[in-house]
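Content type compact mmCIF, C-alpha atoms, from the file start_19.txt:
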```txt
# COMPACT_ATOMS: atom_id res chain seq x y z
CA MET A 912 28.02 12.83 13.74
CA SER A 913 27.92 16.34 12.29
CA THR A 914 30.08 17.45 9.41
CA PRO A 915 32.15 20.60 10.02
CA ASN A 916 29.49 22.80 8.38
CA GLU A 917 26.54 21.31 10.25
CA GLU A 918 25.61 22.97 13.50
CA ARG A 919 23.55 21.21 16.12
CA ALA A 920 20.27 22.52 17.46
CA GLY A 921 21.07 24.83 20.32
CA ASP A 922 24.57 25.76 19.06
CA ARG A 923 23.39 29.37 18.76
CA PRO A 924 21.32 30.38 21.79
CA ASP A 925 19.79 33.37 19.98
CA GLU A 926 18.70 31.28 16.97
CA ASP A 927 15.04 30.95 16.10
CA PRO A 928 14.10 27.43 17.30
CA LEU A 929 12.19 26.82 14.05
CA LEU A 930 15.39 27.43 12.05
CA ALA A 931 17.11 24.83 14.23
CA VAL A 932 14.23 22.39 13.56
CA GLU A 933 14.41 23.08 9.82
CA ARG A 934 18.16 22.44 9.79
CA GLU A 935 17.91 19.24 11.83
CA VAL A 936 15.06 17.89 9.71
CA GLY A 937 17.15 18.61 6.61
CA VAL A 938 20.06 16.63 8.06
CA LEU A 939 17.71 13.80 9.00
CA PHE A 940 16.19 13.67 5.50
CA ARG A 941 19.58 13.73 3.73
CA ARG A 942 20.90 10.94 5.89
CA GLY A 943 17.63 9.04 5.61
CA ARG A 944 17.74 9.02 1.81
CA ALA A 945 21.24 7.56 1.89
CA ARG A 946 20.19 4.91 4.43
CA MET A 947 17.13 3.94 2.38
CA SER A 948 19.35 3.22 -0.62
CA GLU A 949 21.65 1.10 1.56
CA LEU A 950 18.69 -0.78 3.05
CA SER A 951 17.18 -1.35 -0.39
CA ARG A 952 20.44 -2.90 -1.60
CA ARG A 953 20.56 -5.03 1.55
CA VAL A 954 17.19 -6.51 0.55
CA HIS A 955 18.42 -7.12 -3.01
CA PRO A 956 21.61 -5.86 -4.69
CA GLN A 957 19.65 -4.61 -7.73
CA LEU A 958 17.40 -2.34 -5.65
CA GLU A 959 18.00 1.32 -5.02
CA GLY A 960 16.23 4.37 -3.78
CA MET A 961 12.92 3.98 -2.01
CA ALA A 962 12.35 0.27 -2.64
CA TYR A 963 12.88 -0.53 1.05
CA SER A 964 10.19 1.99 2.03
CA LEU A 965 7.77 0.52 -0.49
CA LEU A 966 8.42 -3.02 0.78
CA SER A 967 8.02 -1.78 4.35
CA TYR A 968 4.63 -0.26 3.56
CA VAL A 969 3.42 -3.42 1.81
CA GLU A 970 4.69 -5.59 4.68
CA GLN A 971 2.89 -3.42 7.24
CA ALA A 972 -0.34 -2.98 5.25
CA GLY A 973 -0.66 -6.58 4.10
CA PRO A 974 -2.10 -7.19 0.66
CA VAL A 975 -2.63 -3.62 -0.52
CA ARG A 976 -4.07 -2.10 -3.66
CA VAL A 977 -1.53 -0.69 -6.08
CA THR A 978 -3.45 2.60 -6.10
CA ASP A 979 -3.16 2.80 -2.29
CA VAL A 980 0.62 2.37 -2.56
CA GLY A 981 0.70 5.32 -4.95
CA LEU A 982 -1.47 7.41 -2.63
CA HIS A 983 0.67 6.54 0.39
CA PHE A 984 3.84 7.71 -1.35
CA ALA A 985 2.13 10.54 -3.26
CA VAL A 986 3.33 9.26 -6.63
CA GLY A 987 1.45 8.72 -9.86
CA LYS A 988 0.13 5.46 -11.21
CA ALA A 989 2.90 5.11 -13.80
CA THR A 990 5.64 5.60 -11.20
CA VAL A 991 4.22 3.16 -8.67
CA SER A 992 3.45 0.59 -11.38
CA ARG A 993 7.04 0.78 -12.63
CA GLN A 994 8.44 0.36 -9.11
CA ILE A 995 6.12 -2.54 -8.31
CA ARG A 996 6.88 -4.24 -11.64
CA ALA A 997 10.62 -4.09 -10.83
CA LEU A 998 9.99 -5.67 -7.41
CA GLU A 999 7.82 -8.36 -9.03
CA GLU A 1000 10.53 -9.16 -11.56
CA LEU A 1001 12.98 -9.72 -8.70
CA GLY A 1002 10.49 -12.04 -7.00
CA LEU A 1003 9.95 -9.76 -3.99
CA LEU A 1004 6.31 -8.81 -4.61
CA ALA A 1005 3.36 -10.73 -6.02
CA ARG A 1006 0.35 -9.14 -7.69
CA GLU A 1007 -3.19 -10.50 -7.55
CA ALA A 1008 -6.63 -9.28 -8.52
CA ASP A 1009 -8.44 -7.35 -5.80
CA PRO A 1010 -11.38 -9.55 -4.66
CA GLN A 1011 -13.51 -6.42 -4.03
CA ASP A 1012 -12.74 -4.85 -7.40
CA ARG A 1013 -11.44 -7.08 -10.20
CA ARG A 1014 -10.28 -3.99 -12.12
CA SER A 1015 -7.74 -3.28 -9.36
CA ALA A 1016 -4.70 -5.24 -8.29
CA ARG A 1017 -3.26 -5.90 -4.86
CA VAL A 1018 0.36 -6.58 -4.04
CA SER A 1019 1.96 -8.47 -1.19
CA LEU A 1020 5.42 -9.67 -0.28
CA THR A 1021 6.47 -13.06 -1.57
CA GLU A 1022 8.07 -15.44 0.92
CA ASP A 1023 11.51 -14.49 -0.44
CA GLY A 1024 10.58 -10.80 -0.31
CA ARG A 1025 9.40 -11.11 3.30
CA ARG A 1026 12.52 -13.02 4.34
CA ARG A 1027 14.84 -10.49 2.70
CA PHE A 1028 12.90 -7.49 4.01
CA LEU A 1029 12.78 -8.82 7.59
CA ALA A 1030 16.54 -9.55 7.53
CA ALA A 1031 17.26 -5.98 6.37
CA ARG A 1032 14.90 -4.54 8.98
CA ALA A 1033 16.51 -6.61 11.74
CA ALA A 1034 19.93 -5.25 10.76
CA ARG A 1035 18.57 -1.70 10.69
CA MET A 1036 16.90 -2.11 14.08
CA GLY A 1037 20.13 -3.47 15.50
CA ARG A 1038 21.82 -0.28 14.40
CA VAL A 1039 19.03 1.88 15.88
CA ARG A 1040 19.32 0.00 19.19
CA GLU A 1041 23.08 0.53 19.12
CA LEU A 1042 22.75 4.27 18.40
CA MET A 1043 20.03 4.90 20.98
CA GLY A 1044 21.05 2.32 23.55
CA SER A 1045 22.42 4.92 25.93
CA TRP A 1046 19.24 7.02 25.82
CA PRO A 1047 16.88 6.70 28.78
CA GLU A 1048 13.73 4.84 27.77
CA GLU A 1049 11.53 7.85 28.55
CA ASP A 1050 13.60 9.94 26.10
CA VAL A 1051 13.13 7.33 23.38
CA VAL A 1052 9.37 7.23 24.06
CA ARG A 1053 9.15 11.04 23.99
CA PHE A 1054 11.25 11.23 20.81
CA ALA A 1055 8.93 8.72 19.10
CA GLU A 1056 5.88 10.72 20.25
CA LEU A 1057 7.34 13.98 18.93
CA LEU A 1058 8.31 12.41 15.60
CA HIS A 1059 4.81 10.99 15.25
CA ARG A 1060 3.30 14.38 16.03
CA PHE A 1061 5.62 16.08 13.52
CA ASN A 1062 4.77 13.50 10.82
CA ASP A 1063 1.05 14.05 11.45
CA VAL A 1064 1.47 17.78 10.92
CA VAL A 1065 3.56 17.27 7.78
CA GLY A 1066 1.00 14.79 6.45
CA GLU A 1067 -1.89 17.17 7.08
CA ALA A 1068 0.00 19.98 5.35
CA ALA A 1069 0.50 17.80 2.27
CA VAL A 1070 -3.26 17.34 1.78
CA PRO A 1071 -4.58 20.14 -0.42
CA ALA A 1072 -7.30 22.27 1.18
CA GLY A 1073 -10.61 21.71 -0.54
```
Kindly return the structure encoded in the file as structure tokens.
Amino acid sequence: MSTPNEERAGDRPDEDPLLAVEREVGVLFRRGRARMSELSRRVHPQLEGMAYSLLSYVEQAGPVRVTDVGLHFAVGKATVSRQIRALEELGLLAREADPQDRRSARVSLTEDGRRRFLAARAARMGRVRELMGSWPEEDVVRFAELLHRFNDVVGEAAVPAG
């Protein structure tokens, strides 16, 4: 649902399509940040911000090095360590020595962390199914393909040329 000041892509036929994309991506990001905070609190009432995304990455990646978490989210060691420590204190993540490099640590979801994360994800996916339920399957597939393609381009642009 658009607010009164938000136009939809295609509202102005003479508009540069890239301006429409920029506007729609902005709307998506603003709404996404708000949803991430809600999802984080659904996992645990003391969580906020990007905790859900961090848990999602760890769940998908399996036991993952702390440094890889930082690289994935493009944040420094101090920031990722602080976020992981908070999740450990709540019993959602567990840290262990990396068997390939004892100087590094790996993190994984605890059983409670996995249970809470999966419950929040199931609720989120129920909402996505509800929102997109009227879309033809081929539109959903194409939308996913285009989002993936866009994310690839954005990811490549974030890597400094060397």
Measure the distance from CA of Val936 (chain A) to CA of Leu966 (chain A) in Å and round it to one decimal.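 So the two atoms, CA of Val936 (chain A) and CA of Leu966 (chain A), lie 23.7 Å apart.
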Closest pair table for region 963-1009 of chain A residues within 8 Å of region 1019-1033 of chain A, all atoms listed in the file, as CSV:
```
residue,atom,partner,partner_atom,distance
A:Tyr963,CA,A:Phe1028,CA,7.6
A:Leu966,CA,A:Phe1028,CA,7.1
A:Ser967,CA,A:Phe1028,CA,7.5
A:Val969,CA,A:Ser1019,CA,6.1
A:Glu970,CA,A:Leu1020,CA,6.5
A:Gly973,CA,A:Ser1019,CA,6.2
A:Pro974,CA,A:Ser1019,CA,4.6
A:Val975,CA,A:Ser1019,CA,6.7
A:Gly1002,CA,A:Gly1024,CA,6.8
A:Leu1003,CA,A:Gly1024,CA,3.9
A:Leu1004,CA,A:Leu1020,CA,4.5
A:Ala1005,CA,A:Ser1019,CA,5.5
A:Arg1006,CA,A:Ser1019,CA,6.7
```
What does the distance between CA of His955 (chain A) and CA of Phe940 (chain A) come to in Å, to one decimal place?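 Separating CA of His955 (chain A) from CA of Phe940 (chain A) is a distance of 22.6 Å.
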The centre and edge lengths of an axis-aligned box containing all atoms of region 1035-1052 of chain A present in the file, extended by 4 Å on each side, are to be given in Å to one decimal, as lines of an AutoDock Vina configuration file.
```
center_x = 16.2
center_y = 3.2
center_z = 19.7
size_x = 21.7
size_y = 21.4
size_z = 26.1
```
Using all atoms listed in the file, which residues sit within 10 Å of region 981-985 of chain A once same-chain residues fewer than 5 positions away are excluded, as a VMD selection string? chain A and resid 961 964 to 965 968 976 990 to 992 1069
What separation in Å, quoted to one decimal, exists between CA of Gly960 (chain A) and CA of Leu930 (chain A)?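 These atoms are spaced 28.0 Å apart.
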Show me the residues close to (11.9, 20.7, 11.7) - anything with an atom within 12 Å, counting all atoms listed in the file - and format the list as a short mmCIF file (atom, residue, chain, number, x, y, z; two decimals) with C-alpha atoms, keeping the file's coordinate frame.
```cif
data_model
loop_
_atom_site.label_atom_id
_atom_site.label_comp_id
_atom_site.auth_asym_id
_atom_site.auth_seq_id
_atom_site.Cartn_x
_atom_site.Cartn_y
_atom_site.Cartn_z
CA ALA A 920 20.27 22.52 17.46
CA ASP A 927 15.04 30.95 16.10
CA PRO A 928 14.10 27.43 17.30
CA LEU A 929 12.19 26.82 14.05
CA LEU A 930 15.39 27.43 12.05
CA ALA A 931 17.11 24.83 14.23
CA VAL A 932 14.23 22.39 13.56
CA GLU A 933 14.41 23.08 9.82
CA ARG A 934 18.16 22.44 9.79
CA GLU A 935 17.91 19.24 11.83
CA VAL A 936 15.06 17.89 9.71
CA GLY A 937 17.15 18.61 6.61
CA VAL A 938 20.06 16.63 8.06
CA LEU A 939 17.71 13.80 9.00
CA PHE A 940 16.19 13.67 5.50
CA LEU A 1057 7.34 13.98 18.93
CA LEU A 1058 8.31 12.41 15.60
CA ARG A 1060 3.30 14.38 16.03
CA PHE A 1061 5.62 16.08 13.52
CA ASN A 1062 4.77 13.50 10.82
CA VAL A 1064 1.47 17.78 10.92
CA VAL A 1065 3.56 17.27 7.78
#
```
